[in-house]
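Participant: Contents of target_37.pdb (PDB, C-alpha atoms, pLDDT in the B column) are below:
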ATOM      1  CA  MET B   1       0.000   0.000   0.000  1.00 45.00           C
ATOM      2  CA  THR B   2       1.281   3.462  -0.898  1.00 67.00           C
ATOM      3  CA  GLU B   3       1.804   5.779   2.049  1.00 82.00           C
ATOM      4  CA  ASN B   4      -0.580   8.708   2.187  1.00 86.00           C
ATOM      5  CA  LEU B   5      -1.878  11.101   4.798  1.00 88.00           C
ATOM      6  CA  ARG B   6      -4.471   8.602   6.014  1.00 88.00           C
ATOM      7  CA  THR B   7      -1.826   5.935   6.636  1.00 89.00           C
ATOM      8  CA  LEU B   8       0.724   8.347   8.157  1.00 91.00           C
ATOM      9  CA  ALA B   9      -1.546  10.409  10.449  1.00 92.00           C
ATOM     10  CA  SER B  10      -2.402   9.370  13.976  1.00 88.00           C
ATOM     11  CA  SER B  11      -5.470  11.600  14.336  1.00 91.00           C
ATOM     12  CA  LEU B  12      -7.448  14.530  12.981  1.00 93.00           C
ATOM     13  CA  ASP B  13      -7.139  17.104  15.720  1.00 93.00           C
ATOM     14  CA  GLN B  14      -7.960  20.590  14.419  1.00 97.00           C
ATOM     15  CA  ILE B  15     -10.085  22.656  12.070  1.00 98.00           C
ATOM     16  CA  GLY B  16      -8.646  26.056  11.159  1.00 98.00           C
ATOM     17  CA  ILE B  17     -10.707  29.043  10.092  1.00 98.00           C
ATOM     18  CA  VAL B  18      -9.138  32.290   8.877  1.00 98.00           C
ATOM     19  CA  VAL B  19     -11.035  35.403   9.942  1.00 97.00           C
ATOM     20  CA  ALA B  20     -10.498  39.093   9.355  1.00 94.00           C
ATOM     21  CA  ASP B  21     -12.075  39.966  12.724  1.00 95.00           C
ATOM     22  CA  PRO B  22     -11.338  37.665  15.675  1.00 97.00           C
ATOM     23  CA  ASP B  23     -13.715  39.585  17.951  1.00 97.00           C
ATOM     24  CA  ALA B  24     -16.609  38.833  15.570  1.00 97.00           C
ATOM     25  CA  ALA B  25     -15.640  35.141  15.602  1.00 97.00           C
ATOM     26  CA  ILE B  26     -15.603  35.150  19.413  1.00 98.00           C
ATOM     27  CA  ALA B  27     -19.041  36.791  19.483  1.00 98.00           C
ATOM     28  CA  GLY B  28     -20.324  34.208  16.992  1.00 98.00           C
ATOM     29  CA  MET B  29     -18.990  31.261  19.000  1.00 98.00           C
ATOM     30  CA  ARG B  30     -20.550  32.722  22.143  1.00 98.00           C
ATOM     31  CA  ALA B  31     -23.953  33.251  20.451  1.00 98.00           C
ATOM     32  CA  ILE B  32     -24.104  29.958  18.544  1.00 97.00           C
ATOM     33  CA  PHE B  33     -22.343  27.513  20.884  1.00 97.00           C
ATOM     34  CA  GLY B  34     -22.287  29.350  24.218  1.00 97.00           C
ATOM     35  CA  LEU B  35     -18.501  28.934  24.323  1.00 97.00           C
ATOM     36  CA  GLU B  36     -15.709  31.179  25.482  1.00 98.00           C
ATOM     37  CA  PRO B  37     -12.206  30.855  24.017  1.00 98.00           C
ATOM     38  CA  ARG B  38      -9.838  28.385  25.653  1.00 97.00           C
ATOM     39  CA  ILE B  39      -7.006  30.753  24.815  1.00 97.00           C
ATOM     40  CA  ARG B  40      -6.317  33.863  22.740  1.00 98.00           C
ATOM     41  CA  VAL B  41      -2.722  34.546  21.748  1.00 97.00           C
ATOM     42  CA  THR B  42      -0.484  36.069  19.088  1.00 96.00           C
ATOM     43  CA  ASN B  43       1.837  33.450  17.582  1.00 95.00           C
ATOM     44  CA  ARG B  44       5.151  34.541  16.057  1.00 94.00           C
ATOM     45  CA  TYR B  45       6.808  32.280  13.494  1.00 93.00           C
ATOM     46  CA  VAL B  46      10.482  32.996  12.865  1.00 92.00           C
ATOM     47  CA  GLY B  47      12.193  31.601   9.778  1.00 94.00           C
ATOM     48  CA  ALA B  48       9.129  29.838   8.376  1.00 94.00           C
ATOM     49  CA  ALA B  49       9.204  28.853   4.696  1.00 95.00           C
ATOM     50  CA  TYR B  50       6.336  30.465   2.785  1.00 95.00           C
ATOM     51  CA  ARG B  51       6.274  29.544  -0.908  1.00 92.00           C
ATOM     52  CA  GLY B  52       9.982  28.761  -0.609  1.00 91.00           C
ATOM     53  CA  THR B  53      10.935  32.106   0.964  1.00 94.00           C
ATOM     54  CA  ARG B  54      12.027  32.476   4.596  1.00 95.00           C
ATOM     55  CA  ILE B  55       9.694  34.755   6.549  1.00 95.00           C
ATOM     56  CA  ASP B  56       9.031  35.996  10.059  1.00 95.00           C
ATOM     57  CA  THR B  57       5.318  36.481  10.631  1.00 94.00           C
ATOM     58  CA  GLU B  58       2.624  36.825  13.272  1.00 95.00           C
ATOM     59  CA  VAL B  59      -0.982  35.679  13.467  1.00 96.00           C
ATOM     60  CA  ASP B  60      -3.595  36.259  16.159  1.00 97.00           C
ATOM     61  CA  VAL B  61      -5.133  32.959  17.230  1.00 97.00           C
ATOM     62  CA  VAL B  62      -8.247  32.039  19.214  1.00 98.00           C
ATOM     63  CA  PHE B  63      -8.713  28.401  20.285  1.00 98.00           C
ATOM     64  CA  TYR B  64     -11.867  26.496  21.230  1.00 98.00           C
ATOM     65  CA  ASP B  65     -12.587  22.881  22.122  1.00 97.00           C
ATOM     66  CA  LEU B  66     -15.721  21.702  20.307  1.00 95.00           C
ATOM     67  CA  PHE B  67     -16.849  18.066  20.422  1.00 93.00           C
ATOM     68  CA  GLY B  68     -13.288  16.804  20.873  1.00 92.00           C
ATOM     69  CA  ILE B  69     -11.873  18.848  17.982  1.00 94.00           C
ATOM     70  CA  GLU B  70      -9.825  21.989  18.397  1.00 97.00           C
ATOM     71  CA  LEU B  71     -11.221  24.963  16.471  1.00 98.00           C
ATOM     72  CA  GLU B  72      -8.540  27.495  15.614  1.00 98.00           C
ATOM     73  CA  PHE B  73      -9.528  30.958  14.421  1.00 98.00           C
ATOM     74  CA  LEU B  74      -6.569  32.704  12.783  1.00 97.00           C
ATOM     75  CA  SER B  75      -6.444  36.421  12.050  1.00 97.00           C
ATOM     76  CA  PRO B  76      -3.421  37.499   9.980  1.00 95.00           C
ATOM     77  CA  ARG B  77      -1.363  40.504  10.985  1.00 93.00           C
ATOM     78  CA  GLY B  78      -0.230  41.614   7.533  1.00 86.00           C
ATOM     79  CA  GLY B  79       1.859  38.740   6.177  1.00 85.00           C
ATOM     80  CA  PRO B  80       3.110  37.821   3.764  1.00 93.00           C
ATOM     81  CA  ASP B  81       2.059  34.386   4.913  1.00 95.00           C
ATOM     82  CA  ILE B  82      -0.481  31.673   4.216  1.00 95.00           C
ATOM     83  CA  TRP B  83      -3.145  33.333   6.380  1.00 95.00           C
ATOM     84  CA  GLN B  84      -2.864  36.809   4.842  1.00 96.00           C
ATOM     85  CA  GLU B  85      -2.890  35.283   1.369  1.00 94.00           C
ATOM     86  CA  PHE B  86      -6.105  33.440   2.224  1.00 95.00           C
ATOM     87  CA  VAL B  87      -7.972  36.444   3.636  1.00 94.00           C
ATOM     88  CA  ASP B  88      -6.831  38.608   0.710  1.00 94.00           C
ATOM     89  CA  GLU B  89      -8.137  36.045  -1.812  1.00 93.00           C
ATOM     90  CA  HIS B  90     -11.247  34.713  -0.035  1.00 92.00           C
ATOM     91  CA  GLY B  91     -12.076  36.722   3.055  1.00 94.00           C
ATOM     92  CA  SER B  92     -12.973  34.634   6.098  1.00 95.00           C
ATOM     93  CA  GLY B  93     -13.579  30.907   5.806  1.00 96.00           C
ATOM     94  CA  LEU B  94     -12.448  27.314   6.264  1.00 97.00           C
ATOM     95  CA  HIS B  95      -8.698  27.300   5.887  1.00 98.00           C
ATOM     96  CA  HIS B  96      -7.429  23.856   6.908  1.00 98.00           C
ATOM     97  CA  ILE B  97      -7.881  20.621   8.739  1.00 98.00           C
ATOM     98  CA  ARG B  98      -4.909  19.377  10.738  1.00 97.00           C
ATOM     99  CA  PHE B  99      -3.579  15.929  11.408  1.00 96.00           C
ATOM    100  CA  ALA B 100      -1.126  14.798  14.070  1.00 94.00           C
ATOM    101  CA  VAL B 101       1.805  12.862  12.617  1.00 95.00           C
ATOM    102  CA  THR B 102       5.089  11.477  13.895  1.00 91.00           C
ATOM    103  CA  ASP B 103       7.163  11.456  10.684  1.00 93.00           C
ATOM    104  CA  HIS B 104       7.127  14.937   9.159  1.00 94.00           C
ATOM    105  CA  ASP B 105       9.503  14.102   6.317  1.00 94.00           C
ATOM    106  CA  ALA B 106       7.561  10.967   5.302  1.00 94.00           C
ATOM    107  CA  VAL B 107       4.345  12.968   5.015  1.00 95.00           C
ATOM    108  CA  VAL B 108       6.059  15.720   2.998  1.00 95.00           C
ATOM    109  CA  ALA B 109       7.475  13.072   0.645  1.00 95.00           C
ATOM    110  CA  ALA B 110       4.161  11.197   0.322  1.00 95.00           C
ATOM    111  CA  MET B 111       2.191  14.371  -0.361  1.00 95.00           C
ATOM    112  CA  GLY B 112       4.789  15.569  -2.877  1.00 94.00           C
ATOM    113  CA  ALA B 113       4.612  12.222  -4.661  1.00 94.00           C
ATOM    114  CA  ILE B 114       0.896  12.745  -5.323  1.00 93.00           C
ATOM    115  CA  GLY B 115       1.350  16.351  -6.415  1.00 94.00           C
ATOM    116  CA  VAL B 116       0.232  18.133  -3.241  1.00 95.00           C
ATOM    117  CA  PRO B 117       2.999  20.629  -2.436  1.00 91.00           C
ATOM    118  CA  VAL B 118       4.009  22.228   0.834  1.00 95.00           C
ATOM    119  CA  HIS B 119       2.751  25.817   0.883  1.00 95.00           C
ATOM    120  CA  GLN B 120       4.216  26.894   4.231  1.00 97.00           C
ATOM    121  CA  GLU B 121       6.147  25.056   6.940  1.00 96.00           C
ATOM    122  CA  GLY B 122       8.289  25.722   9.946  1.00 94.00           C
ATOM    123  CA  ASP B 123       8.870  25.177  13.631  1.00 94.00           C
ATOM    124  CA  SER B 124       5.781  25.210  15.813  1.00 93.00           C
ATOM    125  CA  VAL B 125       5.431  27.799  18.548  1.00 91.00           C
ATOM    126  CA  ARG B 126       5.183  24.767  20.867  1.00 87.00           C
ATOM    127  CA  GLY B 127       8.969  24.327  20.607  1.00 86.00           C
ATOM    128  CA  GLY B 128      10.695  21.054  21.438  1.00 89.00           C
ATOM    129  CA  GLY B 129      11.223  20.096  17.801  1.00 90.00           C
ATOM    130  CA  VAL B 130       7.507  20.214  16.938  1.00 94.00           C
ATOM    131  CA  ARG B 131       7.032  21.202  13.269  1.00 95.00           C
ATOM    132  CA  TYR B 132       4.077  22.149  11.089  1.00 96.00           C
ATOM    133  CA  ALA B 133       3.422  22.101   7.362  1.00 97.00           C
ATOM    134  CA  TYR B 134       0.507  23.281   5.241  1.00 97.00           C
ATOM    135  CA  PHE B 135      -0.178  21.461   1.974  1.00 97.00           C
ATOM    136  CA  ASP B 136      -2.078  23.102  -0.859  1.00 95.00           C
ATOM    137  CA  ALA B 137      -4.964  20.668  -1.364  1.00 96.00           C
ATOM    138  CA  ARG B 138      -7.268  23.445  -2.577  1.00 94.00           C
ATOM    139  CA  PRO B 139      -7.398  22.223  -6.200  1.00 95.00           C
ATOM    140  CA  SER B 140      -8.825  18.848  -5.110  1.00 94.00           C
ATOM    141  CA  LEU B 141     -10.408  19.497  -1.685  1.00 95.00           C
ATOM    142  CA  GLY B 142     -11.037  23.244  -1.508  1.00 94.00           C
ATOM    143  CA  PHE B 143      -8.888  23.787   1.599  1.00 96.00           C
ATOM    144  CA  PHE B 144      -5.374  23.304   2.955  1.00 96.00           C
ATOM    145  CA  LEU B 145      -4.221  20.274   4.908  1.00 97.00           C
ATOM    146  CA  GLU B 146      -1.931  20.831   7.868  1.00 97.00           C
ATOM    147  CA  ILE B 147       0.270  18.415   9.767  1.00 97.00           C
ATOM    148  CA  LEU B 148       1.743  18.889  13.210  1.00 96.00           C
ATOM    149  CA  SER B 149       4.619  16.539  13.857  1.00 94.00           C
ATOM    150  CA  THR B 150       6.197  15.741  17.160  1.00 87.00           C
ATOM    151  CA  PRO B 151       9.595  14.082  17.453  1.00 80.00           C
ATOM    152  CA  ALA B 152       9.484  10.391  18.308  1.00 70.00           C
TER     153      ALA B 152
END
The structure in this file should be written as structure tokens.
Facilitator:
Amino acid sequence: MTENLRTLASSLDQIGIVVADPDAAIAGMRAIFGLEPRIRVTNRYVGAAYRGTRIDTEVDVVFYDLFGIELEFLSPRGGPDIWQEFVDEHGSGLHHIRFAVTDHDAVVAAMGAIGVPVHQEGDSVRGGGVRYAYFDARPSLGFFLEILSTPA
């Protein structure tokens, strides 16, 4: 069997939504689900690779736990990065679903082999060797796929 994201991922753990206005998203989550954010933070990514270019960027993030899945609302702070590109092209909307993986390089190779390129990747703000990568699955799925890999 050929390796693919389904065979290499250990779980689906997040849905990411890019929003222009995080306060409106918070108000919507409060009104619709009666939920308050688990955390609100600004994440800084230093030396990330965006479309093959090294960048330093920031994104405001609001996290919720909903039915065992983490909802992540991302509000770009000017880019250039994957989040600013998305809001510039589409406005607010579903950005990605994320999978936990243990072998970052195997997933990158498997996705590349089927023509799904890395769009942005780098070290996670979690530290400790945790890495992330976004794959441009928009042509076939309509959204990005993200992996979060932790060292074995």
Participant: Please write as a ChimeraX atom specification the full residue list that the PyMOL selection byres ((chain B and resi 145) around 7) yields on this file.
Facilitator: /B:96-98,134-137,143-144,146-147
Participant: Keeping only C-alpha atoms, write those residues as an mmCIF file, in the coordinates of the input.
Facilitator:
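Result written to part-v8.cif:
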data_model
loop_
_atom_site.group_PDB
_atom_site.id
_atom_site.type_symbol
_atom_site.label_atom_id
_atom_site.label_comp_id
_atom_site.auth_asym_id
_atom_site.auth_seq_id
_atom_site.Cartn_x
_atom_site.Cartn_y
_atom_site.Cartn_z
ATOM 1 C CA HIS B 96 -7.429 23.856 6.908
ATOM 2 C CA ILE B 97 -7.881 20.621 8.739
ATOM 3 C CA ARG B 98 -4.909 19.377 10.738
ATOM 4 C CA TYR B 134 0.507 23.281 5.241
ATOM 5 C CA PHE B 135 -0.178 21.461 1.974
ATOM 6 C CA ASP B 136 -2.078 23.102 -0.859
ATOM 7 C CA ALA B 137 -4.964 20.668 -1.364
ATOM 8 C CA PHE B 143 -8.888 23.787 1.599
ATOM 9 C CA PHE B 144 -5.374 23.304 2.955
ATOM 10 C CA GLU B 146 -1.931 20.831 7.868
ATOM 11 C CA ILE B 147 0.270 18.415 9.767
#
Participant: Could you state the separation of CA of Gly68 (chain B) and CA of Pro37 (chain B) in Å, given to one decimal place?
Facilitator: 14.4 Å
Participant: For a quick check of understanding, using all atoms listed in the file, which of B:Ile15, B:Val125, B:Ala9, B:Ala20 has the smallest distance to His95 (chain B)?
Facilitator: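 That would be B:Ile15, the residue with the smallest distance to His95 (chain B).
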Participant: Starting from the displayed file, determine the output of the PyMOL selection byres ((chain B and resi 75) around 8) and express the residue list as a PyMOL selection string.
Facilitator: chain B and resi 18-22+59-61+73-74+76-77+83
Participant: Which residues, written as number ranges by chain, have at least one atom at most 12 Å from region 148-150 of chain B, with only C-alpha atoms counted and residues fewer than 2 positions away on the same chain left out?
Facilitator: B: 8-14, 97-108, 121-135, 145-146, 152
Participant: Could you tell me, as an MDAnalysis selection string, exactly which residues end up selected when the PyMOL selection byres ((chain B and resi 52) around 9) is applied to this structure?
Facilitator: chainID B and resid 49:51 53:54 118:120
Participant: What does the structure give for the distance between CA of Val62 (chain B) and CA of Arg40 (chain B), in Å to one decimal?
Facilitator: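 Between CA of Val62 (chain B) and CA of Arg40 (chain B) the gap is 4.4 Å.
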Participant: Could you jot down the CA of Asp65 (chain B) to CA of Leu94 (chain B) separation for me, Å, one decimal place?
Facilitator: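 Between these atoms lies a distance of 16.5 Å.
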Participant: Looking at all atoms listed in the file, which of B:Gly112, B:Pro151, B:Pro139, B:Gly16 is the one that sits closest to Gly93 (chain B)?
Facilitator: B:Gly16
Participant: As AutoDock Vina command-line options, please: the centre and edge lengths in Å, to one decimal, of an axis-aligned box enclosing every listed atom of region 100-113 of chain B with 3 Å added on each side.
Facilitator:
--center_x 4.2 --center_y 13.3 --center_z 4.7 --size_x 16.6 --size_y 10.8 --size_z 24.7
Participant: Considering all atoms listed in the file, can you say which of B:Leu66, B:Gly78, B:Glu58, B:Thr7 comes closest to Asn43 (chain B)?
Facilitator: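 For Asn43 (chain B), the nearest of the given residues is B:Glu58.
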Participant: Which neighbours of Ile114 (chain B) fall inside 9 Å, counting all atoms listed in the file, when residues of the same chain fewer than 4 positions from it are skipped, and could you give them as a list of chain:residue names?
Facilitator: B:Asn4, B:Ala109, B:Ala110
Participant: Considering only C-alpha atoms, can you say which of B:Leu71, B:Ala27, B:Ile17, B:Ile55 comes closest to Ile39 (chain B)?
Facilitator: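 Of all the options, B:Leu71 lies closest to Ile39 (chain B).
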Participant: Could you model N, CA and C atoms for region 33-63 of chain B and present them as a CSV table (one decimal), in the frame of the given file?
Facilitator:
chain,number,residue,atom,x,y,z
B,33,PHE,N,-22.7,28.7,20.1
B,33,PHE,CA,-22.3,27.5,20.9
B,33,PHE,C,-22.3,27.8,22.4
B,34,GLY,N,-22.4,29.0,22.8
B,34,GLY,CA,-22.3,29.4,24.2
B,34,GLY,C,-20.9,29.1,24.8
B,35,LEU,N,-19.9,29.2,23.9
B,35,LEU,CA,-18.5,28.9,24.3
B,35,LEU,C,-17.7,30.2,24.4
B,36,GLU,N,-16.7,30.2,25.4
B,36,GLU,CA,-15.7,31.2,25.5
B,36,GLU,C,-14.4,30.6,25.0
B,37,PRO,N,-13.5,31.4,24.5
B,37,PRO,CA,-12.2,30.9,24.0
B,37,PRO,C,-11.4,30.1,25.1
B,38,ARG,N,-10.7,29.1,24.7
B,38,ARG,CA,-9.8,28.4,25.7
B,38,ARG,C,-8.6,29.2,25.8
B,39,ILE,N,-8.2,29.9,24.8
B,39,ILE,CA,-7.0,30.8,24.8
B,39,ILE,C,-7.0,31.7,23.6
B,40,ARG,N,-6.5,32.9,23.8
B,40,ARG,CA,-6.3,33.9,22.7
B,40,ARG,C,-4.9,34.3,22.8
B,41,VAL,N,-4.2,34.3,21.7
B,41,VAL,CA,-2.7,34.5,21.7
B,41,VAL,C,-2.3,35.1,20.4
B,42,THR,N,-1.1,35.7,20.3
B,42,THR,CA,-0.5,36.1,19.1
B,42,THR,C,0.7,35.1,18.9
B,43,ASN,N,0.7,34.4,17.9
B,43,ASN,CA,1.8,33.4,17.6
B,43,ASN,C,2.8,34.1,16.6
B,44,ARG,N,4.1,34.0,16.9
B,44,ARG,CA,5.2,34.5,16.1
B,44,ARG,C,5.9,33.4,15.5
B,45,TYR,N,6.1,33.3,14.2
B,45,TYR,CA,6.8,32.3,13.5
B,45,TYR,C,8.0,32.9,12.9
B,46,VAL,N,9.2,32.5,13.3
B,46,VAL,CA,10.5,33.0,12.9
B,46,VAL,C,11.1,32.0,11.9
B,47,GLY,N,11.5,32.4,10.7
B,47,GLY,CA,12.2,31.6,9.8
B,47,GLY,C,11.3,30.5,9.1
B,48,ALA,N,10.0,30.8,9.1
B,48,ALA,CA,9.1,29.8,8.4
B,48,ALA,C,9.4,29.9,6.9
B,49,ALA,N,9.1,28.9,6.2
B,49,ALA,CA,9.2,28.9,4.7
B,49,ALA,C,7.8,29.0,4.1
B,50,TYR,N,7.6,30.2,3.4
B,50,TYR,CA,6.3,30.5,2.8
B,50,TYR,C,6.6,30.5,1.3
B,51,ARG,N,6.0,29.6,0.5
B,51,ARG,CA,6.3,29.5,-0.9
B,51,ARG,C,7.8,29.6,-1.2
B,52,GLY,N,8.5,28.9,-0.4
B,52,GLY,CA,10.0,28.8,-0.6
B,52,GLY,C,10.8,29.9,-0.1
B,53,THR,N,10.2,30.9,0.5
B,53,THR,CA,10.9,32.1,1.0
B,53,THR,C,10.9,32.1,2.5
B,54,ARG,N,12.0,32.4,3.1
B,54,ARG,CA,12.0,32.5,4.6
B,54,ARG,C,11.3,33.8,5.0
B,55,ILE,N,10.4,33.6,6.0
B,55,ILE,CA,9.7,34.8,6.5
B,55,ILE,C,9.7,34.7,8.1
B,56,ASP,N,9.4,35.9,8.7
B,56,ASP,CA,9.0,36.0,10.1
B,56,ASP,C,7.6,36.6,10.0
B,57,THR,N,6.7,36.0,10.7
B,57,THR,CA,5.3,36.5,10.6
B,57,THR,C,4.6,36.3,11.9
B,58,GLU,N,3.5,37.0,12.1
B,58,GLU,CA,2.6,36.8,13.3
B,58,GLU,C,1.2,36.6,12.9
B,59,VAL,N,0.4,35.9,13.7
B,59,VAL,CA,-1.0,35.7,13.5
B,59,VAL,C,-1.7,35.6,14.8
B,60,ASP,N,-2.8,36.3,14.9
B,60,ASP,CA,-3.6,36.3,16.2
B,60,ASP,C,-4.4,35.0,16.1
B,61,VAL,N,-4.5,34.3,17.2
B,61,VAL,CA,-5.1,33.0,17.2
B,61,VAL,C,-6.1,32.9,18.4
B,62,VAL,N,-7.3,32.3,18.2
B,62,VAL,CA,-8.2,32.0,19.2
B,62,VAL,C,-8.6,30.6,19.1
B,63,PHE,N,-8.5,29.8,20.3
B,63,PHE,CA,-8.7,28.4,20.3
B,63,PHE,C,-10.0,28.1,21.1
